[in-house]
file query21.pdb (PDB, C-alpha atoms)
ATOM      1  CA  VAL A   1      10.673  -1.412 -17.751
ATOM      2  CA  PHE A   2       6.899  -1.781 -17.328
ATOM      3  CA  HIS A   3       4.288   0.892 -16.608
ATOM      4  CA  PRO A   4       0.566   0.243 -16.027
ATOM      5  CA  ARG A   5      -1.636   0.985 -19.005
ATOM      6  CA  ILE A   6      -3.838   4.053 -18.807
ATOM      7  CA  THR A   7      -6.920   1.804 -18.726
ATOM      8  CA  SER A   8      -5.942   0.601 -15.233
ATOM      9  CA  TYR A   9      -6.644   4.020 -13.744
ATOM     10  CA  GLY A  10     -10.399   3.381 -13.697
ATOM     11  CA  ARG A  11      -9.911   0.496 -11.249
ATOM     12  CA  ARG A  12      -7.408   2.489  -9.228
ATOM     13  CA  ILE A  13      -9.705   5.504  -8.939
ATOM     14  CA  TRP A  14     -12.548   3.295  -7.685
ATOM     15  CA  ALA A  15     -10.203   1.788  -5.101
ATOM     16  CA  ALA A  16      -9.233   5.297  -3.962
ATOM     17  CA  VAL A  17     -12.845   6.492  -3.491
ATOM     18  CA  PRO A  18     -13.212   5.415   0.213
ATOM     19  CA  PRO A  19     -10.070   7.246   1.403
ATOM     20  CA  PHE A  20     -11.082  10.304  -0.639
ATOM     21  CA  LEU A  21     -14.444  10.146   1.123
ATOM     22  CA  LEU A  22     -12.638  10.176   4.458
ATOM     23  CA  VAL A  23     -10.671  13.258   3.385
ATOM     24  CA  ALA A  24     -13.871  15.002   2.279
ATOM     25  CA  VAL A  25     -15.699  14.281   5.552
ATOM     26  CA  ALA A  26     -12.766  15.485   7.662
ATOM     27  CA  LEU A  27     -12.386  18.708   5.647
ATOM     28  CA  LEU A  28     -16.140  19.390   5.686
ATOM     29  CA  ALA A  29     -16.195  18.899   9.449
ATOM     30  CA  LEU A  30     -13.314  21.375   9.768
ATOM     31  CA  TYR A  31     -15.037  23.929   7.568
ATOM     32  CA  TYR A  32     -18.605  23.751   8.878
ATOM     33  CA  ARG A  33     -18.168  22.844  12.547
ATOM     34  CA  ARG A  34     -15.055  24.928  13.251
ATOM     35  CA  PRO A  35     -13.718  22.627  16.010
ATOM     36  CA  ARG A  36     -10.871  23.583  18.329
ATOM     37  CA  GLY A  37      -8.203  21.938  20.422
ATOM     38  CA  PRO A  38      -7.450  18.231  19.995
ATOM     39  CA  VAL A  39     -10.428  17.648  17.672
ATOM     40  CA  ILE A  40      -8.914  19.787  14.947
ATOM     41  CA  ALA A  41      -5.675  17.799  15.236
ATOM     42  CA  VAL A  42      -7.612  14.518  14.896
ATOM     43  CA  LEU A  43      -9.462  15.805  11.820
ATOM     44  CA  ILE A  44      -6.262  16.972  10.147
ATOM     45  CA  LEU A  45      -4.644  13.621  10.928
ATOM     46  CA  LEU A  46      -7.584  11.746   9.392
ATOM     47  CA  ALA A  47      -7.521  13.911   6.277
ATOM     48  CA  LEU A  48      -3.789  13.284   5.886
ATOM     49  CA  ALA A  49      -4.249   9.538   6.418
ATOM     50  CA  GLY A  50      -6.978   9.395   3.770
ATOM     51  CA  GLY A  51      -4.814  11.348   1.339
ATOM     52  CA  VAL A  52      -1.869   9.034   1.902
ATOM     53  CA  ILE A  53      -4.008   5.907   1.375
ATOM     54  CA  ALA A  54      -5.505   7.374  -1.815
ATOM     55  CA  TYR A  55      -2.033   8.245  -3.069
ATOM     56  CA  GLY A  56      -1.027   4.635  -2.413
ATOM     57  CA  TYR A  57      -3.584   3.542  -5.016
ATOM     58  CA  LEU A  58      -2.908   6.317  -7.531
ATOM     59  CA  ARG A  59       0.848   6.759  -7.222
ATOM     60  CA  PRO A  60       3.032   5.933 -10.237
ATOM     61  CA  ALA A  61       3.788   2.204 -10.436
ATOM     62  CA  LEU A  62       6.843   0.691 -12.085
ATOM     63  CA  THR A  63       8.375  -2.747 -12.479
ATOM     64  CA  VAL A  64      11.768  -3.482 -13.946
ATOM     65  CA  ILE A  65      13.531  -6.636 -15.103
ATOM     66  CA  THR A  66      17.307  -6.327 -14.950
ATOM     67  CA  ARG A  67      20.001  -8.861 -15.654
ATOM     68  CA  THR A  68      20.084  -9.905 -11.995
ATOM     69  CA  HIS A  69      16.834  -8.744 -10.322
ATOM     70  CA  PHE A  70      13.112  -8.155 -10.559
ATOM     71  CA  LEU A  71      12.199  -4.735  -9.159
ATOM     72  CA  LYS A  72       8.855  -3.269  -8.076
ATOM     73  CA  SER A  73       8.482   0.341  -7.002
ATOM     74  CA  ARG A  74       7.478   1.034  -3.403
ATOM     75  CA  TRP A  75       6.751   4.210  -1.471
ATOM     76  CA  ILE A  76      10.498   4.673  -1.145
ATOM     77  CA  GLY A  77      12.863   2.789  -3.422
ATOM     78  CA  PHE A  78      12.216  -0.655  -4.875
ATOM     79  CA  HIS A  79      11.373  -4.137  -3.693
ATOM     80  CA  ALA A  80      14.092  -6.278  -5.280
ATOM     81  CA  VAL A  81      14.006 -10.035  -5.868
ATOM     82  CA  PRO A  82      17.085 -11.814  -7.278
ATOM     83  CA  ARG A  83      16.265 -13.589 -10.526
ATOM     84  CA  ASP A  84      17.983 -16.798  -9.438
ATOM     85  CA  ARG A  85      15.547 -16.994  -6.487
ATOM     86  CA  VAL A  86      12.510 -17.154  -8.791
ATOM     87  CA  HIS A  87      11.562 -20.650  -9.912
ATOM     88  CA  GLN A  88       8.207 -19.939 -11.593
ATOM     89  CA  VAL A  89       5.970 -17.085 -12.659
ATOM     90  CA  VAL A  90       2.251 -17.718 -12.129
ATOM     91  CA  THR A  91      -0.332 -15.547 -13.850
ATOM     92  CA  VAL A  92      -4.113 -15.604 -13.791
ATOM     93  CA  ASP A  93      -6.015 -13.767 -16.511
ATOM     94  CA  LYS A  94      -9.120 -13.628 -14.311
ATOM     95  CA  LEU A  95      -8.777 -14.344 -10.614
ATOM     96  CA  LEU A  96     -12.398 -14.999  -9.692
ATOM     97  CA  PRO A  97     -14.019 -14.369  -6.307
ATOM     98  CA  PRO A  98     -13.798 -17.279  -3.851
ATOM     99  CA  ARG A  99     -17.463 -18.058  -4.600
ATOM    100  CA  PRO A 100     -18.158 -17.008  -8.213
ATOM    101  CA  THR A 101     -21.729 -15.954  -8.921
ATOM    102  CA  SER A 102     -23.748 -17.175 -11.855
ATOM    103  CA  GLY A 103     -23.491 -15.361 -15.163
ATOM    104  CA  LYS A 104     -20.425 -13.873 -16.803
ATOM    105  CA  PRO A 105     -17.457 -14.336 -14.454
ATOM    106  CA  ARG A 106     -15.664 -11.153 -13.387
ATOM    107  CA  GLY A 107     -12.141 -11.136 -12.108
ATOM    108  CA  ARG A 108      -8.827  -9.318 -12.095
ATOM    109  CA  PRO A 109      -5.460 -10.416 -13.459
ATOM    110  CA  TYR A 110      -2.696 -11.325 -11.022
ATOM    111  CA  LEU A 111       0.961 -12.282 -11.208
ATOM    112  CA  TRP A 112       3.159 -13.975  -8.618
ATOM    113  CA  LEU A 113       6.874 -14.680  -8.616
ATOM    114  CA  VAL A 114       7.297 -18.045  -6.923
ATOM    115  CA  THR A 115      10.389 -19.405  -5.186
ATOM    116  CA  GLU A 116      11.513 -23.024  -5.443
ATOM    117  CA  THR A 117       9.766 -23.772  -2.130
ATOM    118  CA  GLY A 118       6.457 -22.426  -3.481
ATOM    119  CA  LYS A 119       6.471 -19.160  -1.540
ATOM    120  CA  ARG A 120       5.538 -15.749  -2.913
ATOM    121  CA  ALA A 121       8.542 -13.561  -3.706
ATOM    122  CA  MET A 122       6.579 -10.747  -5.371
ATOM    123  CA  ALA A 123       2.995 -10.100  -6.452
ATOM    124  CA  LEU A 124       1.496  -7.706  -8.988
ATOM    125  CA  ASP A 125      -2.140  -6.836  -8.359
ATOM    126  CA  GLY A 126      -4.793  -6.535 -11.044
ATOM    127  CA  ILE A 127      -5.977  -3.240  -9.571
ATOM    128  CA  VAL A 128      -2.862  -1.621 -11.025
ATOM    129  CA  TRP A 129      -1.749  -3.996 -13.767
ATOM    130  CA  ASP A 130      -3.598  -5.314 -16.807
ATOM    131  CA  THR A 131      -3.388  -8.777 -18.369
ATOM    132  CA  THR A 132      -1.188  -7.726 -21.306
ATOM    133  CA  SER A 133       1.454  -6.110 -19.086
ATOM    134  CA  LEU A 134       1.546  -9.081 -16.718
ATOM    135  CA  LYS A 135       1.930 -11.594 -19.552
ATOM    136  CA  SER A 136       4.726  -9.534 -21.107
ATOM    137  CA  PHE A 137       6.465  -9.394 -17.736
ATOM    138  CA  ALA A 138       6.090 -13.175 -17.328
ATOM    139  CA  ASP A 139       7.366 -13.946 -20.839
ATOM    140  CA  LEU A 140      10.447 -11.768 -20.373
ATOM    141  CA  SER A 141      11.205 -13.101 -16.889
ATOM    142  CA  GLY A 142      13.009 -16.185 -18.166
ATOM    143  CA  ALA A 143      11.331 -18.360 -15.527
ATOM    144  CA  GLN A 144       8.830 -21.126 -16.122
ATOM    145  CA  HIS A 145       5.484 -19.484 -16.817
ATOM    146  CA  VAL A 146       2.268 -21.075 -15.555
ATOM    147  CA  ASN A 147      -0.898 -19.339 -16.756
ATOM    148  CA  PHE A 148      -4.522 -19.816 -15.711
ATOM    149  CA  LYS A 149      -7.214 -18.404 -17.980
ATOM    150  CA  GLN A 150      -9.398 -18.105 -14.907
ATOM    151  CA  ALA A 151      -9.206 -19.545 -11.415
ATOM    152  CA  THR A 152     -10.392 -18.995  -7.862
ATOM    153  CA  PRO A 153      -7.931 -18.367  -5.001
ATOM    154  CA  GLU A 154      -8.602 -21.917  -3.764
ATOM    155  CA  GLN A 155      -7.671 -23.415  -7.138
ATOM    156  CA  VAL A 156      -4.390 -21.517  -7.190
ATOM    157  CA  SER A 157      -3.714 -22.478  -3.555
ATOM    158  CA  THR A 158      -4.142 -26.148  -4.439
ATOM    159  CA  HIS A 159      -0.814 -25.970  -6.274
ATOM    160  CA  TRP A 160       0.873 -23.208  -4.219
ATOM    161  CA  PRO A 161      -0.583 -23.056  -0.664
ATOM    162  CA  ALA A 162       1.493 -20.031   0.400
ATOM    163  CA  LEU A 163       0.922 -17.969  -2.742
ATOM    164  CA  VAL A 164      -2.397 -16.145  -2.357
ATOM    165  CA  SER A 165      -2.557 -13.602   0.468
ATOM    166  CA  TRP A 166      -5.453 -13.524   2.951
ATOM    167  CA  HIS A 167      -6.996 -10.322   1.596
ATOM    168  CA  VAL A 168      -7.299 -11.960  -1.836
ATOM    169  CA  ARG A 169      -8.719 -15.160  -0.330
ATOM    170  CA  TYR A 170     -11.308 -13.301   1.751
ATOM    171  CA  PRO A 171     -12.207 -10.117  -0.146
ATOM    172  CA  ARG A 172     -15.618  -9.764   1.526
ATOM    173  CA  LEU A 173     -14.018  -9.797   4.961
ATOM    174  CA  ARG A 174     -11.517  -7.152   3.876
ATOM    175  CA  TYR A 175     -14.214  -4.948   2.325
ATOM    176  CA  ALA A 176     -16.474  -5.364   5.356
ATOM    177  CA  ALA A 177     -13.637  -4.483   7.755
ATOM    178  CA  SER A 178     -12.536  -1.451   5.737
ATOM    179  CA  SER A 179     -16.139  -0.238   5.300
ATOM    180  CA  LEU A 180     -16.858  -0.650   9.018
ATOM    181  CA  ALA A 181     -13.665   1.211   9.905
ATOM    182  CA  LEU A 182     -14.607   4.036   7.527
ATOM    183  CA  VAL A 183     -18.124   4.319   8.985
ATOM    184  CA  LEU A 184     -16.793   4.304  12.556
ATOM    185  CA  VAL A 185     -14.207   6.976  11.764
ATOM    186  CA  ILE A 186     -16.807   9.197  10.086
ATOM    187  CA  ALA A 187     -19.194   8.723  13.020
ATOM    188  CA  LEU A 188     -16.389   9.584  15.460
ATOM    189  CA  VAL A 189     -15.480  12.717  13.505
ATOM    190  CA  VAL A 190     -19.087  13.922  13.401
ATOM    191  CA  TRP A 191     -19.618  13.142  17.095
ATOM    192  CA  LEU A 192     -16.403  14.867  18.212
ATOM    193  CA  THR A 193     -17.119  18.029  16.254
ATOM    194  CA  PHE A 194     -20.772  18.094  17.395
ATOM    195  CA  VAL A 195     -19.925  17.569  21.058
ATOM    196  CA  GLN A 196     -17.190  20.172  21.097
ATOM    197  CA  THR A 197     -19.155  22.876  19.313
ATOM    198  CA  THR A 198     -22.300  22.188  21.359
ATOM    199  CA  PHE A 199     -20.766  22.328  24.834
ATOM    200  CA  GLN A 200     -18.301  25.178  24.384
TER     201      GLN A 200
END
call {"tool": "encode", "arguments": {"input": "query21.pdb", "output": "structure tokens"}}
result
Amino acid sequence: VFHPRITSYGRRIWAAVPPFLLVAVALLALYYRRPRGPVIAVLILLALAGGVIAYGYLRPALTVITRTHFLKSRWIGFHAVPRDRVHQVVTVDKLLPPRPTSGKPRGRPYLWLVTETGKRAMALDGIVWDTTSLKSFADLSGAQHVNFKQATPEQVSTHWPALVSWHVRYPRLRYAASSLALVLVIALVVWLTFVQTTFQ
């Protein structure tokens, strides 16, 4: 049984900041603007959505190696992968950005369970898991362990094309899309509450 180390919570809290910001904006709009009708329902829905997303980052995480399966906790139950389906375990101590900048390279650890056809059966993200936990998991898996000290998504994809997901390959696109969505939602909330309270 594996739990994330307490040091991982710093990364997880930073990841949960944008949805917490959404919750704060929705609650402040409810408190200060006092909207009515469908606007209040939209604001409550947005606050709940932000809370759920933040909980997704901060919720307890757990992985288990049993005699027959690898298990990873989900919102409800576990994602289970039969051990005989896993051909390799690939870990990266530092998965670098697609275009590393000059200076000291920064990256997060990652782990993938790989099938015989080279497809991803399970992934453990460095936001939640640290290098030591991932290496212990890989060593106890019983599968062939391939470790990179550091690599870019493209370097990993050279060996396993279907391994790295799109949001890891294109982090800037993901961050830009999520930031734009957050800004648009906040602007919509402010506009709805302003319009309703102004023209009542």
call {"tool": "closest_residue", "arguments": {"input": "query21.pdb", "among": "A:Gly118, A:Pro82, A:Pro4, A:Pro60", "to": "Val164 (chain A)", "atoms": "all atoms listed in the file"}}
result
A:Gly118
call {"tool": "resolve_selection", "arguments": {"input": "query21.pdb", "expression": "the PyMOL selection byres ((chain A and resi 110) around 7)", "output": "list of chain:residue names"}}
result
A:Thr91, A:Val92, A:Asp93, A:Leu95, A:Arg108, A:Pro109, A:Leu111, A:Trp112, A:Leu124, A:Asp125, A:Gly126
call {"tool": "closest_residue", "arguments": {"input": "query21.pdb", "among": "A:Ala138, A:Ala29, A:Ile13, A:Val114", "to": "Gln88 (chain A)", "atoms": "only C-alpha atoms"}}
result
A:Val114
call {"tool": "residues_near_point", "arguments": {"input": "query21.pdb", "point": "(-5.4, -2.2, -13.0)", "cutoff": "9 Å", "atoms": "only C-alpha atoms", "output": "PyMOL selection string"}}
result
chain A and resi 4-12+108-109+125-131
call {"tool": "write_last_selection", "arguments": {"input": "query21.pdb", "atoms": "C-alpha atoms", "output": "PDB file, in the frame of the given file"}}
result
ATOM      1  CA  PRO A   4       0.566   0.243 -16.027  1.00  0.00           C
ATOM      2  CA  ARG A   5      -1.636   0.985 -19.005  1.00  0.00           C
ATOM      3  CA  ILE A   6      -3.838   4.053 -18.807  1.00  0.00           C
ATOM      4  CA  THR A   7      -6.920   1.804 -18.726  1.00  0.00           C
ATOM      5  CA  SER A   8      -5.942   0.601 -15.233  1.00  0.00           C
ATOM      6  CA  TYR A   9      -6.644   4.020 -13.744  1.00  0.00           C
ATOM      7  CA  GLY A  10     -10.399   3.381 -13.697  1.00  0.00           C
ATOM      8  CA  ARG A  11      -9.911   0.496 -11.249  1.00  0.00           C
ATOM      9  CA  ARG A  12      -7.408   2.489  -9.228  1.00  0.00           C
ATOM     10  CA  ARG A 108      -8.827  -9.318 -12.095  1.00  0.00           C
ATOM     11  CA  PRO A 109      -5.460 -10.416 -13.459  1.00  0.00           C
ATOM     12  CA  ASP A 125      -2.140  -6.836  -8.359  1.00  0.00           C
ATOM     13  CA  GLY A 126      -4.793  -6.535 -11.044  1.00  0.00           C
ATOM     14  CA  ILE A 127      -5.977  -3.240  -9.571  1.00  0.00           C
ATOM     15  CA  VAL A 128      -2.862  -1.621 -11.025  1.00  0.00           C
ATOM     16  CA  TRP A 129      -1.749  -3.996 -13.767  1.00  0.00           C
ATOM     17  CA  ASP A 130      -3.598  -5.314 -16.807  1.00  0.00           C
ATOM     18  CA  THR A 131      -3.388  -8.777 -18.369  1.00  0.00           C
TER      19      THR A 131
END
call {"tool": "atom_distance", "arguments": {"input": "query21.pdb", "atom1": "CA of Ala143 (chain A)", "atom2": "CA of Val156 (chain A)"}}
result
18.1 Å
call {"tool": "atom_distance", "arguments": {"input": "query21.pdb", "atom1": "CA of Leu28 (chain A)", "atom2": "CA of Ala181 (chain A)"}}
result
18.8 Å
call {"tool": "residues_around", "arguments": {"input": "query21.pdb", "residues": "Val86 (chain A)", "least_positions_apart": "6", "cutoff": "10 Å", "atoms": "only C-alpha atoms", "output": "number ranges by chain"}}
result
A: 69-70, 112-122, 141-144
call {"tool": "resolve_selection", "arguments": {"input": "query21.pdb", "expression": "the PyMOL selection byres ((chain A and resi 23) around 10)", "output": "list of chain:residue names"}}
result
A:Val17, A:Pro18, A:Pro19, A:Phe20, A:Leu21, A:Leu22, A:Ala24, A:Val25, A:Ala26, A:Leu27, A:Leu28, A:Ala29, A:Leu43, A:Ile44, A:Leu45, A:Leu46, A:Ala47, A:Leu48, A:Ala49, A:Gly50, A:Gly51, A:Val52, A:Ala54, A:Ile186
